[in-house]
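These notes concern the structure reproduced below.
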Amino acid sequence: MSRVFPNFVLNGADVQFVSEFKYLGFQLSVNQSDDADVMREIRAMFTRTNILIRRFSKCSVDVKTVLFRSYCLSFYGIALWKKCTVRMKNRMKSCYNRCIKLFFGFSKFHSVTNMLLELGFSSFDIVLCNSKSLFLNRLCDCTNGIIQYLLQY
C-alpha cells in the first residue's frame with residue numbers, strides 16, 4: 001500500500017498541500033482542530049484591547065464598557081469551535097479576563113467574579129455558550145433546503 005499522496009496539477013502547476021489555511025477568516029487545520037483559530041482570536045483580542053488602551057484609557061467606565069463590548073467582544077467564528085483542547089480554551093478564557101483587567105485598570109489579583117459583576121460582563125464560558133446557542137437557533141430557523149437536510153444528520 002502506497003503512503004505517498006499523488007500530486008495534483010492545475011493548469012500545469014502543482015497544487016501545494018498545507019497544514020493550515022485561513023478561509024473566510026477562520027483558521028482551518030489539517031488535523032481538524034480549532035486550536036489555531038483560538039490562537040488567532042487570542043492575538044486579535046490582545047491587539048484590539050491594546051488599541052483601546054492607547055486611545056481611550058482616560059475615559060469613564062461607562063464609555064469604556066460600551067467601547068469594550070462593541071470592539072472587543074465581537075468574536076468571529078467562536079460558535080464553530082468544536083475541537084479545541086482544554087488548554088487552548090483556558091488560554092482564551094485567561095485572555096478574555098486579562099484584557100478586561102488591563103483595559104479597566106483592575107489589578108491582576110482582583111477577583112474575576114467581582115470584576116465581571118461590577119462591569120456587568122458575562123464570563124467567557126457564558127459568551128461561548130451563548131454564541132453556540134444563537135448559531136444553532138439561526139441554523140434551525142433557516143429555510144434553506146441544504147441546511148435543513150444537513151441538520152437531520
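Each chain of the C-alpha cells is named A, B, ... in the order shown, its residues numbered from 1; ligands are numbered from 1 in display order.
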
- [ ] Pick out the residues sitting within 10 Å of segment 64-70 of chain A, and hand them over as a PyMOL selection string; count only C-alpha atoms, and ignore anything fewer than 5 positions along from it in its own chain.
- [x] chain A and resi 48-49+52-53+56-59+99-100+103-104+119-121

Would you mind exporting C-alpha atoms of the selected residues as a PDB file, in the first residue's frame?
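Once everything was written out, this is again_25.pdb:
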```pdb
ATOM      1  CA  ARG A  48      -7.917  45.266  19.930  1.00  0.00           C
ATOM      2  CA  THR A  49      -7.548  45.758  23.689  1.00  0.00           C
ATOM      3  CA  LEU A  52      -8.382  50.726  23.144  1.00  0.00           C
ATOM      4  CA  ILE A  53      -5.912  51.221  25.997  1.00  0.00           C
ATOM      5  CA  PHE A  56      -9.289  55.591  25.459  1.00  0.00           C
ATOM      6  CA  SER A  57      -7.564  54.849  28.761  1.00  0.00           C
ATOM      7  CA  LYS A  58      -8.750  58.094  30.374  1.00  0.00           C
ATOM      8  CA  CYS A  59     -12.453  57.662  29.527  1.00  0.00           C
ATOM      9  CA  CYS A  99      -7.964  42.080  28.620  1.00  0.00           C
ATOM     10  CA  ILE A 100     -10.846  43.247  30.790  1.00  0.00           C
ATOM     11  CA  PHE A 103      -8.485  47.981  29.939  1.00  0.00           C
ATOM     12  CA  PHE A 104     -10.471  48.782  33.073  1.00  0.00           C
ATOM     13  CA  LEU A 119     -18.892  45.743  34.906  1.00  0.00           C
ATOM     14  CA  GLY A 120     -21.957  43.681  34.002  1.00  0.00           C
ATOM     15  CA  PHE A 121     -19.999  41.343  31.703  1.00  0.00           C
TER      16      PHE A 121
END
```

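Excluding segment 31-39 of chain A itself and same-chain residues fewer than 6 positions from it, the residues having an atom within 7 Å of it are Trp81, Lys82, Lys83, Cys84, Thr85, Met88 and Met92 of chain A, counting only C-alpha atoms.
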
Open item on the list: Residues near segment 19-21 of chain A, anyone? I mean within 8 Å using only C-alpha atoms, not counting same-chain ones fewer than 3 positions away, as a ChimeraX atom specification.
Closed with: /A:27-31

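Across A:Leu117, A:Glu41, A:Leu151, A:Asn130, the tightest approach to Gly77 of chain A is made by A:Glu41 when counting only C-alpha atoms.
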
Open item on the list: With distances taken over only C-alpha atoms, which residue among A:Leu116, A:Cys142, A:Val9, A:Leu102 lies nearest Arg54 of chain A?
Closed with: A:Leu102

Open item on the list: Just list as an NGL selection string whatever in chain A DSSP marks as strand (DSSP E).
Closed with: :A and (9-10 or 13-14 or 20-23 or 26-29)

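For the pair atom CA of Ile147 of chain A and atom CA of Ile126 of chain A, the interatomic distance is 26.2 Å.
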
Task: Val112 of chain A surroundings by only C-alpha atoms, 9 Å radius, close-in-sequence under 6 positions cut, as an NGL selection string - done: :A and (97 or 101 or 123)

Next, the residues of the selection above should be written as an mmCIF file, in the first residue's frame with N, CA and C atoms.
```cif
data_model
loop_
_atom_site.group_PDB
_atom_site.id
_atom_site.type_symbol
_atom_site.label_atom_id
_atom_site.label_comp_id
_atom_site.auth_asym_id
_atom_site.auth_seq_id
_atom_site.Cartn_x
_atom_site.Cartn_y
_atom_site.Cartn_z
ATOM 1 N N ASN A 97 -10.294 37.475 30.402
ATOM 2 C CA ASN A 97 -10.240 38.089 31.731
ATOM 3 C C ASN A 97 -9.107 39.108 31.838
ATOM 4 N N LYS A 101 -9.260 43.185 32.618
ATOM 5 C CA LYS A 101 -8.493 43.780 33.720
ATOM 6 C C LYS A 101 -7.570 44.888 33.230
ATOM 7 N N SER A 123 -19.161 35.812 31.913
ATOM 8 C CA SER A 123 -17.903 35.071 31.881
ATOM 9 C C SER A 123 -17.678 34.567 30.463
#
```

Open item on the list: With distances taken over only C-alpha atoms, which residue among A:Val61, A:Leu80, A:Ala44, A:Leu134 lies nearest Phe106 of chain A?
Closed with: A:Val61

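Atom pair atom CA of Lys93 of chain A / atom CA of His110 of chain A: separated by 15.6 Å.
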
Open item on the list: DSSP on the backbone, helix (DSSP H, G or I) only: what residues of chain A does that give? Format it as a ChimeraX atom specification.
Closed with: /A:35-56,61-71,78-80,86-104,112-119,124-141,145-151

Any chance you could export the current selection's C-alpha atoms as a compact mmCIF listing (two decimals), in the first residue's frame?
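Result file is selection-v1.txt:
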```txt
# COMPACT_ATOMS: atom_id res chain seq x y z
CA ASP A 35 -6.60 25.42 18.32
CA ALA A 36 -5.09 27.57 15.56
CA ASP A 37 -8.29 29.59 15.29
CA VAL A 38 -8.46 30.03 19.06
CA MET A 39 -4.88 31.33 18.95
CA ARG A 40 -5.87 33.73 16.15
CA GLU A 41 -8.70 35.07 18.29
CA ILE A 42 -6.40 35.45 21.32
CA ARG A 43 -3.97 37.55 19.28
CA ALA A 44 -6.82 39.60 17.84
CA MET A 45 -8.32 40.30 21.26
CA PHE A 46 -5.00 41.45 22.72
CA THR A 47 -4.47 43.67 19.68
CA ARG A 48 -7.92 45.27 19.93
CA THR A 49 -7.55 45.76 23.69
CA ASN A 50 -4.14 47.42 23.29
CA ILE A 51 -5.60 49.81 20.72
CA LEU A 52 -8.38 50.73 23.14
CA ILE A 53 -5.91 51.22 26.00
CA ARG A 54 -3.76 53.56 23.91
CA ARG A 55 -6.67 55.67 22.69
CA PHE A 56 -9.29 55.59 25.46
CA VAL A 61 -16.10 53.35 32.97
CA ASP A 62 -19.42 53.72 31.12
CA VAL A 63 -17.68 54.81 27.91
CA LYS A 64 -15.06 52.07 28.28
CA THR A 65 -17.81 49.49 28.76
CA VAL A 66 -19.54 50.49 25.53
CA LEU A 67 -16.23 50.53 23.64
CA PHE A 68 -15.11 47.17 25.01
CA ARG A 69 -18.44 45.48 24.31
CA SER A 70 -18.57 46.70 20.73
CA TYR A 71 -14.90 46.44 19.81
CA ILE A 78 -16.32 31.07 18.06
CA ALA A 79 -19.69 29.38 17.62
CA LEU A 80 -17.92 27.00 15.23
CA VAL A 86 -8.98 22.36 27.13
CA ARG A 87 -5.61 24.11 27.27
CA MET A 88 -6.50 26.45 24.40
CA LYS A 89 -9.98 27.13 25.78
CA ASN A 90 -8.40 28.06 29.11
CA ARG A 91 -5.91 30.32 27.33
CA MET A 92 -8.80 32.13 25.62
CA LYS A 93 -10.65 32.46 28.92
CA SER A 94 -7.49 33.85 30.53
CA CYS A 95 -7.05 36.28 27.62
CA TYR A 96 -10.65 37.46 28.00
CA ASN A 97 -10.24 38.09 31.73
CA ARG A 98 -6.82 39.69 31.36
CA CYS A 99 -7.96 42.08 28.62
CA ILE A 100 -10.85 43.25 30.79
CA LYS A 101 -8.49 43.78 33.72
CA LEU A 102 -5.98 45.66 31.59
CA PHE A 103 -8.49 47.98 29.94
CA PHE A 104 -10.47 48.78 33.07
CA VAL A 112 -12.56 37.86 38.26
CA THR A 113 -16.09 37.22 39.54
CA ASN A 114 -16.28 40.59 41.29
CA MET A 115 -14.82 42.34 38.25
CA LEU A 116 -17.38 40.78 35.88
CA LEU A 117 -20.22 41.63 38.27
CA GLU A 118 -19.06 45.24 38.67
CA LEU A 119 -18.89 45.74 34.91
CA PHE A 124 -16.17 33.71 28.80
CA ASP A 125 -17.90 30.34 29.25
CA ILE A 126 -21.28 32.09 29.06
CA VAL A 127 -20.19 34.09 25.98
CA LEU A 128 -19.08 30.88 24.25
CA CYS A 129 -22.26 29.00 25.21
CA ASN A 130 -24.49 31.89 24.06
CA SER A 131 -22.64 32.12 20.73
CA LYS A 132 -23.12 28.42 20.05
CA SER A 133 -26.75 28.52 21.11
CA LEU A 134 -27.58 31.55 18.93
CA PHE A 135 -25.80 29.97 15.97
CA LEU A 136 -27.74 26.73 16.36
CA ASN A 137 -31.02 28.66 16.65
CA ARG A 138 -30.23 30.53 13.43
CA LEU A 139 -29.48 27.24 11.69
CA CYS A 140 -32.73 25.68 12.89
CA ASP A 141 -34.71 28.74 11.74
CA GLY A 145 -33.13 23.05 1.99
CA ILE A 146 -29.46 22.01 2.11
CA ILE A 147 -29.04 23.24 5.68
CA GLN A 148 -32.29 21.55 6.75
CA TYR A 149 -31.08 18.30 5.19
CA LEU A 150 -27.71 18.56 6.98
CA LEU A 151 -29.38 19.27 10.32
```
